[in-house]
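**Q** To be precise about what I am sending: the file is called upload.txt and holds compact mmCIF, N, CA and C atoms.
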# COMPACT_ATOMS: atom_id res chain seq x y z
N MET D 8 -6.04 -8.44 14.46
CA MET D 8 -6.10 -8.48 13.01
C MET D 8 -7.56 -8.33 12.57
N ILE D 9 -7.78 -7.59 11.52
CA ILE D 9 -9.12 -7.44 10.95
C ILE D 9 -9.32 -8.49 9.88
N HIS D 10 -10.44 -9.18 9.93
CA HIS D 10 -10.75 -10.18 8.91
C HIS D 10 -11.22 -9.52 7.62
N HIS D 11 -12.17 -8.57 7.75
CA HIS D 11 -12.65 -7.88 6.55
C HIS D 11 -13.25 -6.53 6.91
N VAL D 12 -13.36 -5.69 5.90
CA VAL D 12 -14.14 -4.46 5.99
C VAL D 12 -15.22 -4.58 4.93
N GLN D 13 -16.33 -3.92 5.18
CA GLN D 13 -17.41 -3.95 4.20
C GLN D 13 -17.69 -2.54 3.72
N VAL D 14 -17.84 -2.43 2.41
CA VAL D 14 -18.32 -1.21 1.78
C VAL D 14 -19.60 -1.57 1.05
N ALA D 15 -20.38 -0.58 0.71
CA ALA D 15 -21.67 -0.84 0.09
C ALA D 15 -21.68 -0.41 -1.38
N CYS D 16 -22.69 -0.90 -2.08
CA CYS D 16 -22.93 -0.49 -3.47
C CYS D 16 -24.41 -0.63 -3.75
N PRO D 17 -24.90 0.09 -4.76
CA PRO D 17 -26.29 -0.12 -5.15
C PRO D 17 -26.44 -1.43 -5.92
N ALA D 18 -27.62 -1.98 -5.93
CA ALA D 18 -27.90 -3.21 -6.66
C ALA D 18 -27.49 -3.04 -8.13
N GLY D 19 -26.87 -4.08 -8.67
CA GLY D 19 -26.52 -4.08 -10.09
C GLY D 19 -25.19 -3.41 -10.43
N THR D 20 -24.43 -2.97 -9.42
CA THR D 20 -23.16 -2.28 -9.72
C THR D 20 -21.94 -3.12 -9.34
N GLU D 21 -22.14 -4.40 -9.13
CA GLU D 21 -21.01 -5.26 -8.77
C GLU D 21 -19.91 -5.23 -9.83
N ASP D 22 -20.27 -5.13 -11.10
CA ASP D 22 -19.24 -5.10 -12.14
C ASP D 22 -18.37 -3.85 -12.04
N ALA D 23 -18.94 -2.73 -11.64
CA ALA D 23 -18.14 -1.51 -11.43
C ALA D 23 -17.17 -1.73 -10.28
N GLN D 24 -17.60 -2.45 -9.26
CA GLN D 24 -16.71 -2.74 -8.13
C GLN D 24 -15.63 -3.74 -8.54
N ARG D 25 -16.00 -4.73 -9.32
CA ARG D 25 -14.99 -5.67 -9.83
C ARG D 25 -13.96 -4.94 -10.69
N ALA D 26 -14.42 -4.00 -11.51
CA ALA D 26 -13.50 -3.25 -12.36
C ALA D 26 -12.48 -2.49 -11.52
N PHE D 27 -12.89 -1.98 -10.36
CA PHE D 27 -11.98 -1.24 -9.49
C PHE D 27 -11.08 -2.19 -8.69
N TYR D 28 -11.68 -3.08 -7.91
CA TYR D 28 -10.90 -3.90 -7.00
C TYR D 28 -10.05 -4.96 -7.72
N THR D 29 -10.58 -5.55 -8.77
CA THR D 29 -9.81 -6.54 -9.52
C THR D 29 -9.08 -5.90 -10.69
N GLY D 30 -9.80 -5.11 -11.48
CA GLY D 30 -9.21 -4.52 -12.67
C GLY D 30 -8.13 -3.50 -12.39
N VAL D 31 -8.38 -2.57 -11.47
CA VAL D 31 -7.41 -1.51 -11.16
C VAL D 31 -6.39 -1.98 -10.13
N LEU D 32 -6.88 -2.52 -9.03
CA LEU D 32 -5.98 -2.89 -7.93
C LEU D 32 -5.34 -4.27 -8.11
N GLY D 33 -5.95 -5.13 -8.91
CA GLY D 33 -5.41 -6.47 -9.11
C GLY D 33 -5.71 -7.44 -7.99
N TRP D 34 -6.72 -7.15 -7.17
CA TRP D 34 -7.07 -8.02 -6.06
C TRP D 34 -7.97 -9.14 -6.56
N ALA D 35 -7.74 -10.35 -6.09
CA ALA D 35 -8.52 -11.51 -6.52
C ALA D 35 -9.93 -11.46 -5.93
N GLU D 36 -10.91 -11.81 -6.77
CA GLU D 36 -12.27 -11.94 -6.25
C GLU D 36 -12.39 -13.29 -5.55
N LEU D 37 -13.08 -13.28 -4.42
CA LEU D 37 -13.30 -14.49 -3.63
C LEU D 37 -14.73 -14.98 -3.85
N PRO D 38 -14.94 -16.29 -3.86
CA PRO D 38 -16.32 -16.79 -3.97
C PRO D 38 -17.08 -16.51 -2.67
N LYS D 39 -18.33 -16.11 -2.83
CA LYS D 39 -19.19 -15.92 -1.65
C LYS D 39 -19.92 -17.22 -1.36
N PRO D 40 -20.18 -17.53 -0.10
CA PRO D 40 -21.01 -18.70 0.21
C PRO D 40 -22.38 -18.55 -0.48
N PRO D 41 -22.96 -19.67 -0.91
CA PRO D 41 -24.20 -19.61 -1.70
C PRO D 41 -25.33 -18.78 -1.09
N LEU D 42 -25.58 -18.90 0.20
CA LEU D 42 -26.67 -18.13 0.80
C LEU D 42 -26.39 -16.63 0.74
N LEU D 43 -25.14 -16.24 0.90
CA LEU D 43 -24.79 -14.82 0.82
C LEU D 43 -24.71 -14.35 -0.63
N ALA D 44 -24.29 -15.21 -1.54
CA ALA D 44 -24.20 -14.84 -2.95
C ALA D 44 -25.56 -14.45 -3.51
N ALA D 45 -26.62 -15.06 -2.98
CA ALA D 45 -27.97 -14.74 -3.45
C ALA D 45 -28.36 -13.30 -3.15
N ARG D 46 -27.68 -12.66 -2.21
CA ARG D 46 -27.98 -11.27 -1.84
C ARG D 46 -27.27 -10.26 -2.74
N GLY D 47 -26.40 -10.74 -3.64
CA GLY D 47 -25.61 -9.84 -4.48
C GLY D 47 -24.33 -9.45 -3.78
N GLY D 48 -23.61 -8.52 -4.38
CA GLY D 48 -22.34 -8.09 -3.83
C GLY D 48 -21.20 -8.97 -4.29
N CYS D 49 -20.01 -8.69 -3.79
CA CYS D 49 -18.81 -9.44 -4.16
C CYS D 49 -17.75 -9.25 -3.09
N TRP D 50 -16.81 -10.17 -3.02
CA TRP D 50 -15.74 -10.14 -2.03
C TRP D 50 -14.38 -10.17 -2.73
N PHE D 51 -13.38 -9.53 -2.11
CA PHE D 51 -12.05 -9.47 -2.68
C PHE D 51 -11.00 -9.73 -1.60
N ALA D 52 -9.91 -10.41 -2.00
CA ALA D 52 -8.79 -10.68 -1.10
C ALA D 52 -7.83 -9.50 -1.15
N VAL D 53 -7.47 -8.98 0.02
CA VAL D 53 -6.50 -7.89 0.11
C VAL D 53 -5.12 -8.52 0.20
N PRO D 54 -4.20 -8.18 -0.70
CA PRO D 54 -2.85 -8.74 -0.60
C PRO D 54 -2.25 -8.45 0.78
N GLY D 55 -1.65 -9.45 1.37
CA GLY D 55 -1.07 -9.29 2.70
C GLY D 55 -2.02 -9.67 3.81
N GLY D 56 -3.29 -9.91 3.50
CA GLY D 56 -4.24 -10.36 4.50
C GLY D 56 -5.50 -9.52 4.56
N GLY D 57 -6.58 -10.17 4.88
CA GLY D 57 -7.87 -9.50 5.00
C GLY D 57 -8.66 -9.53 3.70
N GLU D 58 -9.87 -9.03 3.80
CA GLU D 58 -10.79 -9.04 2.68
C GLU D 58 -11.59 -7.75 2.65
N VAL D 59 -12.08 -7.40 1.46
CA VAL D 59 -13.07 -6.34 1.30
C VAL D 59 -14.34 -7.02 0.84
N HIS D 60 -15.42 -6.81 1.58
CA HIS D 60 -16.73 -7.32 1.21
C HIS D 60 -17.56 -6.16 0.70
N VAL D 61 -18.10 -6.31 -0.48
CA VAL D 61 -18.98 -5.30 -1.06
C VAL D 61 -20.39 -5.83 -0.95
N GLY D 62 -21.24 -5.11 -0.21
CA GLY D 62 -22.61 -5.54 -0.01
C GLY D 62 -23.59 -4.60 -0.68
N VAL D 63 -24.65 -5.16 -1.21
CA VAL D 63 -25.71 -4.36 -1.84
C VAL D 63 -26.54 -3.71 -0.75
N GLU D 64 -26.76 -2.42 -0.90
CA GLU D 64 -27.51 -1.66 0.09
C GLU D 64 -28.61 -0.85 -0.58
N ALA D 65 -29.86 -1.06 -0.13
CA ALA D 65 -30.98 -0.26 -0.63
C ALA D 65 -30.77 1.18 -0.17
N GLY D 66 -31.11 2.12 -1.00
CA GLY D 66 -30.95 3.53 -0.64
C GLY D 66 -29.48 3.92 -0.52
N PHE D 67 -28.61 3.26 -1.26
CA PHE D 67 -27.17 3.48 -1.19
C PHE D 67 -26.78 4.95 -1.35
N ARG D 68 -25.86 5.37 -0.49
CA ARG D 68 -25.15 6.65 -0.63
C ARG D 68 -23.68 6.34 -0.41
N PRO D 69 -22.79 6.78 -1.31
CA PRO D 69 -21.37 6.46 -1.11
C PRO D 69 -20.82 7.06 0.17
N ALA D 70 -19.92 6.32 0.80
CA ALA D 70 -19.24 6.81 2.00
C ALA D 70 -18.17 7.80 1.54
N ARG D 71 -18.32 9.08 1.87
CA ARG D 71 -17.39 10.11 1.42
C ARG D 71 -16.40 10.50 2.51
N LYS D 72 -16.67 10.17 3.76
CA LYS D 72 -15.76 10.48 4.87
C LYS D 72 -15.21 9.18 5.45
N ALA D 73 -16.10 8.31 5.93
CA ALA D 73 -15.67 7.01 6.48
C ALA D 73 -15.02 6.22 5.36
N HIS D 74 -13.94 5.48 5.68
CA HIS D 74 -13.24 4.75 4.64
C HIS D 74 -12.30 3.71 5.24
N PRO D 75 -12.07 2.61 4.49
CA PRO D 75 -11.00 1.69 4.87
C PRO D 75 -9.68 2.25 4.35
N ALA D 76 -8.58 1.85 4.96
CA ALA D 76 -7.25 2.26 4.52
C ALA D 76 -6.38 1.01 4.41
N PHE D 77 -5.58 0.95 3.35
CA PHE D 77 -4.77 -0.23 3.06
C PHE D 77 -3.32 0.16 2.89
N VAL D 78 -2.43 -0.60 3.53
CA VAL D 78 -0.99 -0.41 3.36
C VAL D 78 -0.59 -1.13 2.07
N VAL D 79 0.00 -0.38 1.15
CA VAL D 79 0.34 -0.89 -0.18
C VAL D 79 1.65 -0.26 -0.65
N ASP D 80 2.10 -0.68 -1.82
CA ASP D 80 3.15 0.05 -2.54
C ASP D 80 2.45 1.27 -3.11
N VAL D 81 2.46 2.35 -2.34
CA VAL D 81 1.59 3.49 -2.61
C VAL D 81 1.87 4.15 -3.96
N THR D 82 3.10 4.19 -4.39
CA THR D 82 3.42 4.80 -5.68
C THR D 82 2.85 3.96 -6.81
N ARG D 83 3.04 2.65 -6.75
CA ARG D 83 2.51 1.76 -7.79
C ARG D 83 0.99 1.82 -7.85
N VAL D 84 0.35 1.79 -6.69
CA VAL D 84 -1.11 1.82 -6.66
C VAL D 84 -1.63 3.17 -7.17
N ALA D 85 -0.99 4.26 -6.78
CA ALA D 85 -1.40 5.59 -7.26
C ALA D 85 -1.31 5.66 -8.78
N GLU D 86 -0.25 5.09 -9.35
CA GLU D 86 -0.11 5.09 -10.81
C GLU D 86 -1.22 4.29 -11.46
N ALA D 87 -1.56 3.13 -10.91
CA ALA D 87 -2.62 2.29 -11.48
C ALA D 87 -3.98 2.97 -11.36
N VAL D 88 -4.23 3.59 -10.22
CA VAL D 88 -5.50 4.29 -9.99
C VAL D 88 -5.63 5.46 -10.97
N ALA D 89 -4.59 6.25 -11.12
CA ALA D 89 -4.62 7.39 -12.04
C ALA D 89 -4.77 6.93 -13.49
N ALA D 90 -4.05 5.87 -13.86
CA ALA D 90 -4.13 5.36 -15.23
C ALA D 90 -5.53 4.88 -15.58
N ALA D 91 -6.28 4.43 -14.57
CA ALA D 91 -7.65 3.95 -14.78
C ALA D 91 -8.66 5.10 -14.74
N GLY D 92 -8.18 6.32 -14.52
CA GLY D 92 -9.08 7.47 -14.53
C GLY D 92 -9.71 7.83 -13.21
N HIS D 93 -9.26 7.19 -12.14
CA HIS D 93 -9.78 7.53 -10.81
C HIS D 93 -8.93 8.65 -10.23
N PRO D 94 -9.50 9.50 -9.38
CA PRO D 94 -8.71 10.58 -8.79
C PRO D 94 -7.68 10.04 -7.80
N VAL D 95 -6.56 10.70 -7.72
CA VAL D 95 -5.54 10.42 -6.71
C VAL D 95 -5.35 11.73 -5.95
N VAL D 96 -5.83 11.76 -4.72
CA VAL D 96 -5.78 12.97 -3.89
C VAL D 96 -4.77 12.72 -2.77
N TRP D 97 -3.57 13.27 -2.94
CA TRP D 97 -2.51 13.07 -1.96
C TRP D 97 -2.83 13.83 -0.68
N ALA D 98 -2.60 13.19 0.44
CA ALA D 98 -2.84 13.80 1.75
C ALA D 98 -1.67 14.73 2.10
N ASP D 99 -1.94 15.71 2.92
CA ASP D 99 -0.92 16.62 3.42
C ASP D 99 0.06 15.81 4.27
N PRO D 100 1.35 15.80 3.92
CA PRO D 100 2.31 14.99 4.70
C PRO D 100 2.46 15.44 6.14
N ALA D 101 2.04 16.65 6.46
CA ALA D 101 2.13 17.12 7.84
C ALA D 101 1.05 16.48 8.72
N GLU D 102 -0.01 15.95 8.12
CA GLU D 102 -1.09 15.35 8.90
C GLU D 102 -0.60 14.12 9.67
N ILE D 103 0.08 13.23 8.99
CA ILE D 103 0.64 12.03 9.62
C ILE D 103 2.09 11.95 9.14
N PRO D 104 3.01 12.57 9.87
CA PRO D 104 4.41 12.59 9.45
C PRO D 104 4.95 11.18 9.20
N GLY D 105 5.68 11.06 8.09
CA GLY D 105 6.29 9.78 7.75
C GLY D 105 5.39 8.82 7.02
N ARG D 106 4.16 9.22 6.71
CA ARG D 106 3.21 8.32 6.03
C ARG D 106 2.73 8.95 4.73
N LEU D 107 3.28 8.50 3.61
CA LEU D 107 2.82 8.93 2.30
C LEU D 107 1.48 8.23 2.05
N ARG D 108 0.44 9.01 1.71
CA ARG D 108 -0.88 8.40 1.53
C ARG D 108 -1.73 9.22 0.59
N PHE D 109 -2.73 8.56 0.01
CA PHE D 109 -3.68 9.24 -0.86
C PHE D 109 -5.06 8.61 -0.71
N HIS D 110 -6.05 9.38 -1.16
CA HIS D 110 -7.44 8.90 -1.19
C HIS D 110 -7.90 8.84 -2.64
N THR D 111 -8.82 7.94 -2.87
CA THR D 111 -9.49 7.85 -4.15
C THR D 111 -10.91 7.36 -3.88
N PHE D 112 -11.62 6.99 -4.93
CA PHE D 112 -13.00 6.51 -4.80
C PHE D 112 -13.15 5.23 -5.62
N ASP D 113 -13.84 4.25 -5.05
CA ASP D 113 -14.03 2.98 -5.75
C ASP D 113 -15.03 3.15 -6.88
N GLY D 114 -15.46 2.04 -7.46
CA GLY D 114 -16.32 2.07 -8.64
C GLY D 114 -17.68 2.71 -8.45
N VAL D 115 -18.11 2.91 -7.20
CA VAL D 115 -19.41 3.53 -6.93
C VAL D 115 -19.28 4.77 -6.06
N GLY D 116 -18.06 5.26 -5.86
CA GLY D 116 -17.86 6.52 -5.15
C GLY D 116 -17.52 6.44 -3.68
N ASN D 117 -17.28 5.25 -3.14
CA ASN D 117 -16.86 5.13 -1.74
C ASN D 117 -15.41 5.59 -1.61
N ARG D 118 -15.10 6.35 -0.58
CA ARG D 118 -13.73 6.81 -0.34
C ARG D 118 -12.86 5.65 0.14
N ILE D 119 -11.66 5.56 -0.42
CA ILE D 119 -10.70 4.52 -0.07
C ILE D 119 -9.35 5.21 0.13
N GLU D 120 -8.60 4.79 1.14
CA GLU D 120 -7.27 5.35 1.40
C GLU D 120 -6.21 4.28 1.19
N PHE D 121 -5.08 4.70 0.62
CA PHE D 121 -3.92 3.84 0.45
C PHE D 121 -2.73 4.56 1.05
N LEU D 122 -1.91 3.83 1.82
CA LEU D 122 -0.77 4.45 2.45
C LEU D 122 0.44 3.55 2.44
N ALA D 123 1.61 4.18 2.48
CA ALA D 123 2.87 3.45 2.51
C ALA D 123 3.11 2.90 3.91
N ASP D 124 3.80 1.80 3.97
CA ASP D 124 4.19 1.21 5.24
C ASP D 124 5.12 2.18 5.96
N ALA D 125 4.89 2.36 7.25
CA ALA D 125 5.72 3.28 8.04
C ALA D 125 6.99 2.59 8.52
N GLY D 126 7.12 1.29 8.25
CA GLY D 126 8.30 0.56 8.71
C GLY D 126 8.09 0.02 10.11
N PRO D 127 9.13 -0.55 10.69
CA PRO D 127 9.01 -1.14 12.04
C PRO D 127 8.66 -0.09 13.09
N VAL D 128 7.87 -0.52 14.03
CA VAL D 128 7.45 0.39 15.11
C VAL D 128 8.39 0.24 16.28
Any chance you could put this one into structure tokens?

**A**
Amino acid sequence: MIHHVQVACPAGTEDAQRAFYTGVLGWAELPKPPLLAARGGCWFAVPGGGEVHVGVEAGFRPARKAHPAFVVDVTRVAEAVAAAGHPVVWADPAEIPGRLRFHTFDGVGNRIEFLADAGPV
């Protein structure tokens, strides 16, 4: 099991990340321990388990290829993402047969993937 994934943001853009992860996705923000909170950034609880940690990075460049992927109700999340004005780029279903999935970008341009549960293995 993965405890968390970390994505980066430039200093001062935590509110843009909150708008995406909490506002669009509806994920709860988690309190950061005081020593880490002083560095900036923010943390979010992923429904079903795990966390996304957003860390401030000097010289930030958004991750356009590398990305975390989350199993969600993909249709509902795609609708919420599109309604908020973020792109919804559906993947070719032939790439991973049986897995409906799309990519979008968080509040600072990091690539994020959402996919439907493939069911029991």

**Q** Counting all atoms listed in the file, what is within 5 Å of Phe109 in chain D, bar same-chain residues fewer than 5 positions away, as a list in words?

**A** Val96, Trp97, Ala98, Glu120 and Phe121 of chain D

**Q** Considering only C-alpha atoms, state which residue in the set D:Ala23, D:Thr82, D:Leu122, D:Thr29 is at the smallest distance from Gly105 in chain D.

**A**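 Result for the nearest residue to Gly105 in chain D: D:Leu122.
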
**Q** Skipping near chain neighbours, those fewer than 2 positions away, what residues fall within 8 Å of Arg68 in chain D using all atoms listed in the file, listed as a list in words?

**A** Ala15, Cys16, Pro17, Glu64, Ala65, Gly66, Ala70, Arg71, Val115, Gly116 and Asn117 of chain D

**Q** Restricting the calculation to all atoms listed in the file, which member of D:Leu107, D:Ala35, D:Tyr28, D:Gly57 is positioned closest to Met8 in chain D?

**A**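 Looking only at the distances to Met8 in chain D, the closest residue turns out to be D:Gly57.
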
**Q** Among the residues of chain D, find those DSSP assigns to strand (DSSP E) from the backbone and print them as an MDAnalysis selection string.

**A** chainID D and resid 11:16 36:37 49:52 58:63 76:78 96:97 108:112 118:122

**Q** Using Å and a single decimal, report how far atom C of Ala125 in chain D sits from atom N of Gly56 in chain D.

**A** 16.9 Å

**Q** Give the answer as one residue: which of D:Leu32, D:Val88, D:Val81, D:Val12 has the shortest atom-to-atom distance to Arg108 in chain D, using only N, CA and C atoms?

**A**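 Closest residue, counting only N, CA and C atoms: D:Val81.
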
**Q** Can you check which residues of chain D DSSP gives as alpha helix (DSSP H) on the backbone and send them as a list in words?

**A**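 Answer for chain D restricted to alpha helix (DSSP H) is Glu21, Asp22, Ala23, Gln24, Arg25, Pro41, Leu42, Leu43, Ala44, Val81, Thr82, Arg83, Val84, Ala85, Glu86, Ala87, Val88, Ala89 and Ala90 of chain D.
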